[in-house]
file entry33.pdb (PDB, C-alpha atoms)
ATOM      1  CA  MET A   1      10.417  22.623   6.622
ATOM      2  CA  ARG A   2      11.536  19.080   7.373
ATOM      3  CA  MET A   3       8.925  16.369   6.950
ATOM      4  CA  LEU A   4       9.167  12.659   7.730
ATOM      5  CA  ALA A   5       6.817  10.291   5.882
ATOM      6  CA  LEU A   6       6.330   6.755   7.219
ATOM      7  CA  ASP A   7       4.436   4.069   5.304
ATOM      8  CA  ILE A   8       3.784   1.034   7.523
ATOM      9  CA  GLY A   9       3.528  -2.229   5.594
ATOM     10  CA  GLY A  10       3.267  -5.866   6.514
ATOM     11  CA  THR A  11       7.014  -6.554   6.442
ATOM     12  CA  ALA A  12       8.729  -3.157   6.489
ATOM     13  CA  VAL A  13       8.272   0.527   7.204
ATOM     14  CA  LYS A  14       9.229   2.666   4.225
ATOM     15  CA  TYR A  15      10.290   6.229   4.920
ATOM     16  CA  GLY A  16      10.895   9.466   3.089
ATOM     17  CA  VAL A  17      12.608  12.546   4.524
ATOM     18  CA  PHE A  18      11.523  15.678   2.687
ATOM     19  CA  TYR A  19      13.260  19.007   3.189
ATOM     20  CA  SER A  20      14.790  21.766   1.092
ATOM     21  CA  TYR A  21      17.375  19.430  -0.405
ATOM     22  CA  LYS A  22      16.991  16.170  -2.296
ATOM     23  CA  PRO A  23      14.617  13.808  -0.426
ATOM     24  CA  GLU A  24      16.005  10.682   1.208
ATOM     25  CA  PHE A  25      14.288   7.300   1.073
ATOM     26  CA  GLY A  26      14.753   3.952   2.762
ATOM     27  CA  GLN A  27      13.090   1.298   4.857
ATOM     28  CA  PHE A  28      13.509  -0.745   8.022
ATOM     29  CA  PRO A  29      11.863  -4.014   9.111
ATOM     30  CA  VAL A  30       8.788  -4.229  11.318
ATOM     31  CA  ARG A  31      10.615  -6.919  13.340
ATOM     32  CA  ASP A  32      13.498  -6.269  15.739
ATOM     33  CA  GLU A  33      16.905  -7.928  15.665
ATOM     34  CA  ASN A  34      15.455 -10.985  17.470
ATOM     35  CA  GLY A  35      12.763 -11.468  14.841
ATOM     36  CA  ILE A  36       9.984 -10.196  17.119
ATOM     37  CA  GLU A  37       7.513  -7.740  15.617
ATOM     38  CA  ASP A  38       7.854  -4.366  17.321
ATOM     39  CA  VAL A  39       6.516  -1.623  15.068
ATOM     40  CA  PRO A  40       6.151   1.048  17.808
ATOM     41  CA  GLY A  41       9.657   0.397  19.153
ATOM     42  CA  ASN A  42      11.278   0.431  15.720
ATOM     43  CA  LEU A  43       9.410   3.595  14.717
ATOM     44  CA  CYS A  44      10.420   5.430  17.880
ATOM     45  CA  LYS A  45      14.070   4.387  17.540
ATOM     46  CA  PHE A  46      14.042   5.761  14.017
ATOM     47  CA  VAL A  47      12.168   8.992  14.752
ATOM     48  CA  CYS A  48      14.399   9.903  17.710
ATOM     49  CA  LYS A  49      17.294  10.275  15.242
ATOM     50  CA  MET A  50      15.345  12.878  13.256
ATOM     51  CA  ASP A  51      14.211  16.399  14.001
ATOM     52  CA  PRO A  52      11.124  16.762  11.776
ATOM     53  CA  ASP A  53       8.611  19.569  11.822
ATOM     54  CA  PHE A  54       5.939  17.180  10.570
ATOM     55  CA  ILE A  55       5.471  13.409  10.738
ATOM     56  CA  ALA A  56       2.921  11.791   8.420
ATOM     57  CA  VAL A  57       2.110   8.103   8.833
ATOM     58  CA  SER A  58       0.128   5.814   6.561
ATOM     59  CA  THR A  59      -1.175   2.509   7.876
ATOM     60  CA  PRO A  60      -3.802  -0.114   7.072
ATOM     61  CA  GLY A  61      -7.096  -0.084   8.930
ATOM     62  CA  PRO A  62      -9.016  -0.427  11.094
ATOM     63  CA  PHE A  63      -7.217   2.468  12.763
ATOM     64  CA  ASP A  64      -8.180   5.556  14.761
ATOM     65  CA  PHE A  65      -6.551   8.123  12.500
ATOM     66  CA  GLU A  66      -7.270  11.025  14.866
ATOM     67  CA  PHE A  67      -5.548   9.560  17.910
ATOM     68  CA  GLY A  68      -3.159   7.184  16.161
ATOM     69  CA  ILE A  69      -4.465   3.965  17.714
ATOM     70  CA  SER A  70      -4.599   0.699  15.786
ATOM     71  CA  HIS A  71      -7.612  -1.606  16.019
ATOM     72  CA  MET A  72      -6.097  -4.245  13.731
ATOM     73  CA  LYS A  73      -6.224  -7.785  15.065
ATOM     74  CA  HIS A  74      -5.500  -9.610  11.802
ATOM     75  CA  LYS A  75      -2.072  -8.055  11.162
ATOM     76  CA  LEU A  76       0.646  -5.945  12.797
ATOM     77  CA  PRO A  77      -0.334  -7.157  16.309
ATOM     78  CA  SER A  78       2.359  -5.062  18.027
ATOM     79  CA  LEU A  79       0.362  -1.942  17.087
ATOM     80  CA  TYR A  80      -2.929  -3.133  18.550
ATOM     81  CA  ASN A  81      -4.409  -0.578  20.995
ATOM     82  CA  VAL A  82      -1.099   1.319  21.138
ATOM     83  CA  SER A  83      -1.266   5.108  20.890
ATOM     84  CA  LEU A  84       1.295   5.576  18.161
ATOM     85  CA  LYS A  85       0.596   9.306  18.274
ATOM     86  CA  GLU A  86       1.746   9.502  21.897
ATOM     87  CA  CYS A  87       4.844   7.418  21.139
ATOM     88  CA  LEU A  88       5.896   9.636  18.248
ATOM     89  CA  GLU A  89       5.128  12.907  20.053
ATOM     90  CA  LYS A  90       7.257  11.727  22.969
ATOM     91  CA  GLU A  91      10.235  11.125  20.687
ATOM     92  CA  ALA A  92       9.642  14.271  18.596
ATOM     93  CA  PRO A  93       7.733  16.735  20.835
ATOM     94  CA  LYS A  94       8.060  19.631  18.369
ATOM     95  CA  SER A  95       6.514  17.674  15.495
ATOM     96  CA  LYS A  96       2.916  17.772  14.301
ATOM     97  CA  VAL A  97       1.791  14.207  13.619
ATOM     98  CA  TYR A  98      -0.745  13.094  10.998
ATOM     99  CA  PHE A  99      -2.183   9.650  10.245
ATOM    100  CA  ILE A 100      -4.020   8.532   7.097
ATOM    101  CA  HIS A 101      -5.067   5.228   5.563
ATOM    102  CA  ASP A 102      -2.371   3.651   3.382
ATOM    103  CA  ALA A 103      -4.728   3.414   0.401
ATOM    104  CA  ALA A 104      -5.466   7.143   0.695
ATOM    105  CA  ALA A 105      -1.745   7.920   0.814
ATOM    106  CA  PHE A 106      -1.203   5.872  -2.344
ATOM    107  CA  ALA A 107      -4.082   7.622  -4.151
ATOM    108  CA  LEU A 108      -2.669  11.039  -3.195
ATOM    109  CA  GLY A 109       0.747   9.970  -4.441
ATOM    110  CA  ALA A 110      -0.763   8.779  -7.718
ATOM    111  CA  MET A 111      -2.479  12.150  -8.211
ATOM    112  CA  ASP A 112       0.767  13.946  -7.358
ATOM    113  CA  GLU A 113       2.568  11.889 -10.020
ATOM    114  CA  MET A 114      -0.250  12.019 -12.601
ATOM    115  CA  PRO A 115      -2.254  15.265 -12.115
ATOM    116  CA  LYS A 116      -4.738  14.208 -14.822
ATOM    117  CA  LEU A 117      -6.168  11.712 -12.318
ATOM    118  CA  SER A 118      -7.518  14.612 -10.248
ATOM    119  CA  ARG A 119     -10.079  15.196 -12.994
ATOM    120  CA  LYS A 120     -11.235  11.561 -13.137
ATOM    121  CA  ARG A 121     -13.031   8.923 -11.153
ATOM    122  CA  PHE A 122     -10.375   6.266 -10.647
ATOM    123  CA  ALA A 123      -9.572   3.275  -8.459
ATOM    124  CA  SER A 124      -6.245   2.717  -6.710
ATOM    125  CA  VAL A 125      -5.192  -0.900  -6.267
ATOM    126  CA  MET A 126      -2.159  -1.914  -4.176
ATOM    127  CA  LEU A 127      -0.728  -5.411  -4.620
ATOM    128  CA  GLY A 128       1.316  -6.657  -1.694
ATOM    129  CA  THR A 129       0.900  -8.496   1.586
ATOM    130  CA  GLY A 130      -2.787  -7.641   1.255
ATOM    131  CA  LEU A 131      -5.047  -6.166  -1.424
ATOM    132  CA  GLY A 132      -5.402  -2.425  -0.945
ATOM    133  CA  TYR A 133      -8.127  -0.450  -2.696
ATOM    134  CA  VAL A 134      -9.781   2.947  -2.684
ATOM    135  CA  CYS A 135     -11.836   4.949  -5.190
ATOM    136  CA  SER A 136     -11.336   8.678  -5.877
ATOM    137  CA  ASN A 137     -13.578  11.136  -7.684
ATOM    138  CA  CYS A 138     -12.255  14.400  -9.159
ATOM    139  CA  GLY A 139      -9.531  14.720  -6.522
ATOM    140  CA  GLU A 140     -11.631  13.552  -3.580
ATOM    141  CA  ILE A 141     -10.656  10.234  -2.024
ATOM    142  CA  LEU A 142     -13.840   8.409  -1.059
ATOM    143  CA  LEU A 143     -13.440   7.561   2.625
ATOM    144  CA  ASN A 144     -16.006   6.868   5.325
ATOM    145  CA  SER A 145     -16.332   8.635   8.678
ATOM    146  CA  LEU A 146     -13.586   6.401  10.124
ATOM    147  CA  GLY A 147     -11.076   7.492   7.477
ATOM    148  CA  THR A 148     -11.045   4.126   5.695
ATOM    149  CA  PRO A 149     -12.161   3.440   2.101
ATOM    150  CA  GLN A 150     -15.924   3.628   1.549
ATOM    151  CA  ASN A 151     -15.867   0.296  -0.253
ATOM    152  CA  ARG A 152     -13.480  -2.584   0.335
ATOM    153  CA  LEU A 153     -12.218  -4.962  -2.300
ATOM    154  CA  TRP A 154     -10.083  -7.364  -0.275
ATOM    155  CA  SER A 155     -13.044  -8.956   1.543
ATOM    156  CA  LYS A 156     -15.473  -9.233  -1.386
ATOM    157  CA  PRO A 157     -16.575 -12.823  -2.179
ATOM    158  CA  PHE A 158     -14.567 -14.332  -5.018
ATOM    159  CA  LEU A 159     -14.403 -17.943  -6.265
ATOM    160  CA  ASN A 160     -13.999 -20.157  -3.176
ATOM    161  CA  GLY A 161     -13.161 -17.343  -0.781
ATOM    162  CA  ILE A 162     -12.528 -13.616  -0.917
ATOM    163  CA  CYS A 163     -10.517 -11.437  -3.305
ATOM    164  CA  GLU A 164      -7.476 -11.214  -1.034
ATOM    165  CA  ASP A 165      -7.220 -15.022  -1.023
ATOM    166  CA  TYR A 166      -6.447 -14.844  -4.748
ATOM    167  CA  VAL A 167      -4.663 -11.490  -5.081
ATOM    168  CA  SER A 168      -1.897 -11.181  -2.485
ATOM    169  CA  THR A 169       1.649 -12.250  -1.705
ATOM    170  CA  ASN A 170       0.435 -15.419  -0.007
ATOM    171  CA  ARG A 171      -1.367 -16.529  -3.172
ATOM    172  CA  ILE A 172       1.775 -16.372  -5.287
ATOM    173  CA  LEU A 173       3.836 -18.114  -2.594
ATOM    174  CA  SER A 174       1.274 -20.874  -2.026
ATOM    175  CA  ASP A 175       0.739 -21.473  -5.765
ATOM    176  CA  SER A 176       4.489 -21.813  -6.333
ATOM    177  CA  GLN A 177       4.814 -24.139  -3.315
ATOM    178  CA  SER A 178       2.019 -26.326  -4.673
ATOM    179  CA  LEU A 179       4.220 -26.831  -7.745
ATOM    180  CA  GLY A 180       7.122 -27.972  -5.565
ATOM    181  CA  TYR A 181       9.098 -24.717  -5.396
ATOM    182  CA  GLU A 182      10.349 -23.285  -2.101
ATOM    183  CA  TYR A 183      11.079 -19.679  -2.970
ATOM    184  CA  ALA A 184      10.997 -17.249  -0.042
ATOM    185  CA  SER A 185       9.678 -14.188  -1.856
ATOM    186  CA  VAL A 186       7.579 -13.019  -4.782
ATOM    187  CA  LYS A 187      10.680 -11.356  -6.206
ATOM    188  CA  GLU A 188      12.513 -14.710  -6.423
ATOM    189  CA  ILE A 189       9.504 -16.375  -8.071
ATOM    190  CA  ALA A 190       9.239 -13.525 -10.582
ATOM    191  CA  GLU A 191      12.943 -13.795 -11.454
ATOM    192  CA  ALA A 192      12.533 -17.520 -12.117
ATOM    193  CA  ALA A 193       9.459 -16.853 -14.268
ATOM    194  CA  LYS A 194      11.292 -14.179 -16.259
ATOM    195  CA  SER A 195      14.135 -16.636 -16.787
ATOM    196  CA  GLY A 196      11.789 -19.003 -18.614
ATOM    197  CA  ASN A 197      10.080 -21.151 -15.965
ATOM    198  CA  MET A 198       6.702 -21.614 -17.638
ATOM    199  CA  GLN A 199       5.021 -23.105 -14.555
ATOM    200  CA  LEU A 200       5.819 -20.020 -12.536
ATOM    201  CA  LYS A 201       4.910 -17.725 -15.407
ATOM    202  CA  LYS A 202       1.458 -19.302 -15.317
ATOM    203  CA  VAL A 203       1.256 -18.504 -11.577
ATOM    204  CA  PHE A 204       1.570 -14.811 -12.440
ATOM    205  CA  ASP A 205      -0.723 -15.137 -15.451
ATOM    206  CA  ASP A 206      -3.419 -16.614 -13.195
ATOM    207  CA  PHE A 207      -2.755 -13.852 -10.667
ATOM    208  CA  GLY A 208      -3.358 -11.234 -13.373
ATOM    209  CA  ARG A 209      -6.617 -12.913 -14.361
ATOM    210  CA  ASN A 210      -7.792 -13.002 -10.759
ATOM    211  CA  LEU A 211      -6.873  -9.333 -10.333
ATOM    212  CA  GLY A 212      -8.805  -8.403 -13.468
ATOM    213  CA  GLN A 213     -11.884 -10.285 -12.315
ATOM    214  CA  CYS A 214     -11.724  -8.650  -8.874
ATOM    215  CA  ILE A 215     -11.415  -5.193 -10.438
ATOM    216  CA  HIS A 216     -14.426  -5.982 -12.614
ATOM    217  CA  ILE A 217     -16.394  -6.775  -9.440
ATOM    218  CA  ALA A 218     -15.336  -3.467  -7.864
ATOM    219  CA  ARG A 219     -16.121  -1.476 -10.994
ATOM    220  CA  GLN A 220     -19.720  -2.701 -11.072
ATOM    221  CA  GLU A 221     -20.274  -0.851  -7.785
ATOM    222  CA  ASP A 222     -17.850   2.087  -7.960
ATOM    223  CA  LYS A 223     -18.151   2.924 -11.692
ATOM    224  CA  PHE A 224     -14.579   4.201 -12.030
ATOM    225  CA  GLU A 225     -13.084   5.209 -15.391
ATOM    226  CA  CYS A 226      -9.585   3.831 -14.909
ATOM    227  CA  VAL A 227      -7.292   2.031 -12.474
ATOM    228  CA  VAL A 228      -3.912   2.928 -10.981
ATOM    229  CA  ILE A 229      -1.898  -0.089  -9.881
ATOM    230  CA  GLY A 230       0.946  -0.154  -7.367
ATOM    231  CA  GLY A 231       2.360  -2.178  -4.504
ATOM    232  CA  GLN A 232       5.538  -4.239  -4.653
ATOM    233  CA  ILE A 233       3.972  -7.069  -6.670
ATOM    234  CA  SER A 234       3.254  -4.587  -9.470
ATOM    235  CA  LEU A 235       6.997  -4.584 -10.186
ATOM    236  CA  SER A 236       6.300  -7.946 -11.878
ATOM    237  CA  TRP A 237       3.484  -6.520 -14.012
ATOM    238  CA  ILE A 238       5.004  -7.790 -17.251
ATOM    239  CA  LEU A 239       4.269 -11.342 -16.036
ATOM    240  CA  MET A 240       0.603 -10.722 -15.183
ATOM    241  CA  LYS A 241      -0.263  -8.170 -17.858
ATOM    242  CA  ASP A 242      -1.585 -10.640 -20.448
ATOM    243  CA  GLY A 243      -3.806 -12.463 -17.953
ATOM    244  CA  PHE A 244      -5.194  -9.158 -16.694
ATOM    245  CA  GLU A 245      -5.947  -7.816 -20.150
ATOM    246  CA  ASP A 246      -7.582 -11.095 -21.191
ATOM    247  CA  VAL A 247     -10.384 -10.703 -18.645
ATOM    248  CA  VAL A 248     -10.943  -6.968 -18.251
ATOM    249  CA  SER A 249     -10.917  -4.023 -20.622
ATOM    250  CA  ILE A 250     -10.228  -0.858 -18.671
ATOM    251  CA  PRO A 251      -7.584   1.867 -18.962
ATOM    252  CA  TYR A 252      -4.879   1.456 -16.344
ATOM    253  CA  GLU A 253      -1.660   3.097 -15.218
ATOM    254  CA  LEU A 254       1.293   1.861 -13.184
ATOM    255  CA  VAL A 255       3.022   4.241 -10.780
ATOM    256  CA  ASN A 256       6.690   4.918 -11.468
ATOM    257  CA  ASP A 257       7.971   3.644  -8.120
ATOM    258  CA  PRO A 258       5.593   1.584  -5.925
ATOM    259  CA  SER A 259       7.897   1.932  -2.908
ATOM    260  CA  LYS A 260       7.708   5.745  -2.930
ATOM    261  CA  CYS A 261       4.199   6.543  -4.168
ATOM    262  CA  ALA A 262       2.537   6.573  -0.731
ATOM    263  CA  LEU A 263       5.438   8.610   0.690
ATOM    264  CA  TYR A 264       4.875  11.339  -1.889
ATOM    265  CA  GLY A 265       1.179  11.073  -1.065
ATOM    266  CA  LEU A 266       1.942  11.713   2.607
ATOM    267  CA  ARG A 267       3.987  14.764   1.641
ATOM    268  CA  LYS A 268       1.069  16.037  -0.432
ATOM    269  CA  TYR A 269      -1.303  15.442   2.487
ATOM    270  CA  VAL A 270       0.801  17.647   4.769
ATOM    271  CA  LEU A 271       1.435  20.363   2.190
ATOM    272  CA  ASP A 272      -2.307  20.609   1.465
ATOM    273  CA  ARG A 273      -2.824  21.467   5.135
ATOM    274  CA  LEU A 274      -0.226  24.206   5.497
TER     275      LEU A 274
END
call {"tool": "encode", "arguments": {"input": "entry33.pdb", "output": "structure tokens"}}
result
Amino acid sequence: MRMLALDIGGTAVKYGVFYSYKPEFGQFPVRDENGIEDVPGNLCKFVCKMDPDFIAVSTPGPFDFEFGISHMKHKLPSLYNVSLKECLEKEAPKSKVYFIHDAAAFALGAMDEMPKLSRKRFASVMLGTGLGYVCSNCGEILLNSLGTPQNRLWSKPFLNGICEDYVSTNRILSDSQSLGYEYASVKEIAEAAKSGNMQLKKVFDDFGRNLGQCIHIARQEDKFECVVIGGQISLSWILMKDGFEDVVSIPYELVNDPSKCALYGLRKYVLDRL
């Protein structure tokens, strides 16, 4: 069996190729060589090089997960109203194609990595371009009839806006710019903070506090026992850990590799259906 997992993010599509040998991982940008966003085109170019038996795709919502059609207007505009299912089946006609919410894929990957989570009520939080969130109870991911998380965290009121205003890539970038720095990525800001820049360390400390307060808000409604944290920003957890722990007291875990967790979750999703 040869399975292709595709995790569509705000800046790149991460992929995993799973077969009888060692899995292969990588990523490619959501924009083409001219800098124009073209997720369907880039996906199809990539898939046509493969010969998978199964294709599993994770994506943010709103999304029609049965027919593979995006209803997102706020991000990834090149996907809007496109039947990604038809595109992929055209390039790989022998493949069976699945779609699931990216938060669900992450939660499945977390349970695959840490089986003890399947016996708990836990929240999955993904820190990246946006603020991903889903709650799971004893192995069941709590989704609504549309296949998206029952409760959202990103849009909950927080301080002078919503949670995602304070816990996302843009927050770290804008806070560092307000201090006069012109770094292009969270990774660069984190490296400067780790090198001793106390102003930028405080940016991450504040980020951790905001995250903790947002999780406290979510826990009041969802009553989870623990939290699993991932997403690319979690790679800088050491910088936000103290701020987080200052404002919330809850057991938490970090996934081993934030870039691969959802891909292993997609593999689990397919294997559970064979």
call {"tool": "atom_distance", "arguments": {"input": "entry33.pdb", "atom1": "CA of Ile162 in chain A", "atom2": "CA of Ile229 in chain A"}}
result
19.4 Å
call {"tool": "residues_around", "arguments": {"input": "entry33.pdb", "residues": "range 4-9 of chain A", "least_positions_apart": "5", "cutoff": "10 Å", "atoms": "all atoms listed in the file", "output": "NGL selection string"}}
result
:A and (14-19 or 23-30 or 39 or 43 or 47 or 50-60 or 75-76 or 95 or 97-102 or 105-106 or 128-130 or 259-267 or 270)
call {"tool": "closest_residue", "arguments": {"input": "entry33.pdb", "among": "A:Val167, A:Cys44, A:Leu271, A:Val82", "to": "Phe244 in chain A", "atoms": "all atoms listed in the file"}}
result
A:Val167
call {"tool": "resolve_selection", "arguments": {"input": "entry33.pdb", "expression": "the PyMOL selection byres ((chain A and resi 210-216) around 7)", "output": "ChimeraX atom specification"}}
result
/A:163,166-167,206-209,217-220,244,247-248
call {"tool": "resolve_selection", "arguments": {"input": "entry33.pdb", "expression": "the PyMOL selection byres ((chain A and resi 191) around 12)", "output": "MDAnalysis selection string"}}
result
chainID A and resid 183 185:190 192:198 200:201 204 235:236 238:239
call {"tool": "atom_distance", "arguments": {"input": "entry33.pdb", "atom1": "CA of Asn256 in chain A", "atom2": "CA of Leu173 in chain A"}}
result
24.8 Å
call {"tool": "closest_residue", "arguments": {"input": "entry33.pdb", "among": "A:Glu253, A:Glu113, A:Leu127, A:Asp246", "to": "Ser234 in chain A", "atoms": "all atoms listed in the file"}}
result
A:Leu127
call {"tool": "residues_near_point", "arguments": {"input": "entry33.pdb", "point": "(0.3, -0.1, -4.4)", "cutoff": "6 Å", "atoms": "all atoms listed in the file", "output": "list of chain:residue names"}}
result
A:Val125, A:Met126, A:Leu127, A:Ile229, A:Gly230, A:Gly231, A:Pro258
call {"tool": "closest_residue", "arguments": {"input": "entry33.pdb", "among": "A:Phe67, A:Tyr252, A:Tyr80, A:Tyr133", "to": "Pro149 in chain A", "atoms": "all atoms listed in the file"}}
result
A:Tyr133
call {"tool": "closest_residue", "arguments": {"input": "entry33.pdb", "among": "A:Ser78, A:Thr11, A:Gln177, A:Ser249", "to": "Gln232 in chain A", "atoms": "all atoms listed in the file"}}
result
A:Thr11
call {"tool": "atom_distance", "arguments": {"input": "entry33.pdb", "atom1": "CA of Lys96 in chain A", "atom2": "CA of Cys48 in chain A"}}
result
14.3 Å
call {"tool": "closest_residue", "arguments": {"input": "entry33.pdb", "among": "A:Gly10, A:Lys45, A:Asp112, A:Ala92", "to": "His74 in chain A", "atoms": "only C-alpha atoms"}}
result
A:Gly10
call {"tool": "closest_residue", "arguments": {"input": "entry33.pdb", "among": "A:Ser124, A:Glu37, A:Glu164, A:Leu159", "to": "Leu79 in chain A", "atoms": "all atoms listed in the file"}}
result
A:Glu37
call {"tool": "residues_around", "arguments": {"input": "entry33.pdb", "residues": "Gly139 in chain A", "least_positions_apart": "4", "cutoff": "10 Å", "atoms": "only C-alpha atoms", "output": "PyMOL selection string"}}
result
chain A and resi 107-108+111+115-122
call {"tool": "write_last_selection", "arguments": {"input": "entry33.pdb", "atoms": "C-alpha atoms", "output": "PDB file, in the frame of the given file"}}
result
ATOM      1  CA  ALA A 107      -4.082   7.622  -4.151  1.00  0.00           C
ATOM      2  CA  LEU A 108      -2.669  11.039  -3.195  1.00  0.00           C
ATOM      3  CA  MET A 111      -2.479  12.150  -8.211  1.00  0.00           C
ATOM      4  CA  PRO A 115      -2.254  15.265 -12.115  1.00  0.00           C
ATOM      5  CA  LYS A 116      -4.738  14.208 -14.822  1.00  0.00           C
ATOM      6  CA  LEU A 117      -6.168  11.712 -12.318  1.00  0.00           C
ATOM      7  CA  SER A 118      -7.518  14.612 -10.248  1.00  0.00           C
ATOM      8  CA  ARG A 119     -10.079  15.196 -12.994  1.00  0.00           C
ATOM      9  CA  LYS A 120     -11.235  11.561 -13.137  1.00  0.00           C
ATOM     10  CA  ARG A 121     -13.031   8.923 -11.153  1.00  0.00           C
ATOM     11  CA  PHE A 122     -10.375   6.266 -10.647  1.00  0.00           C
TER      12      PHE A 122
END
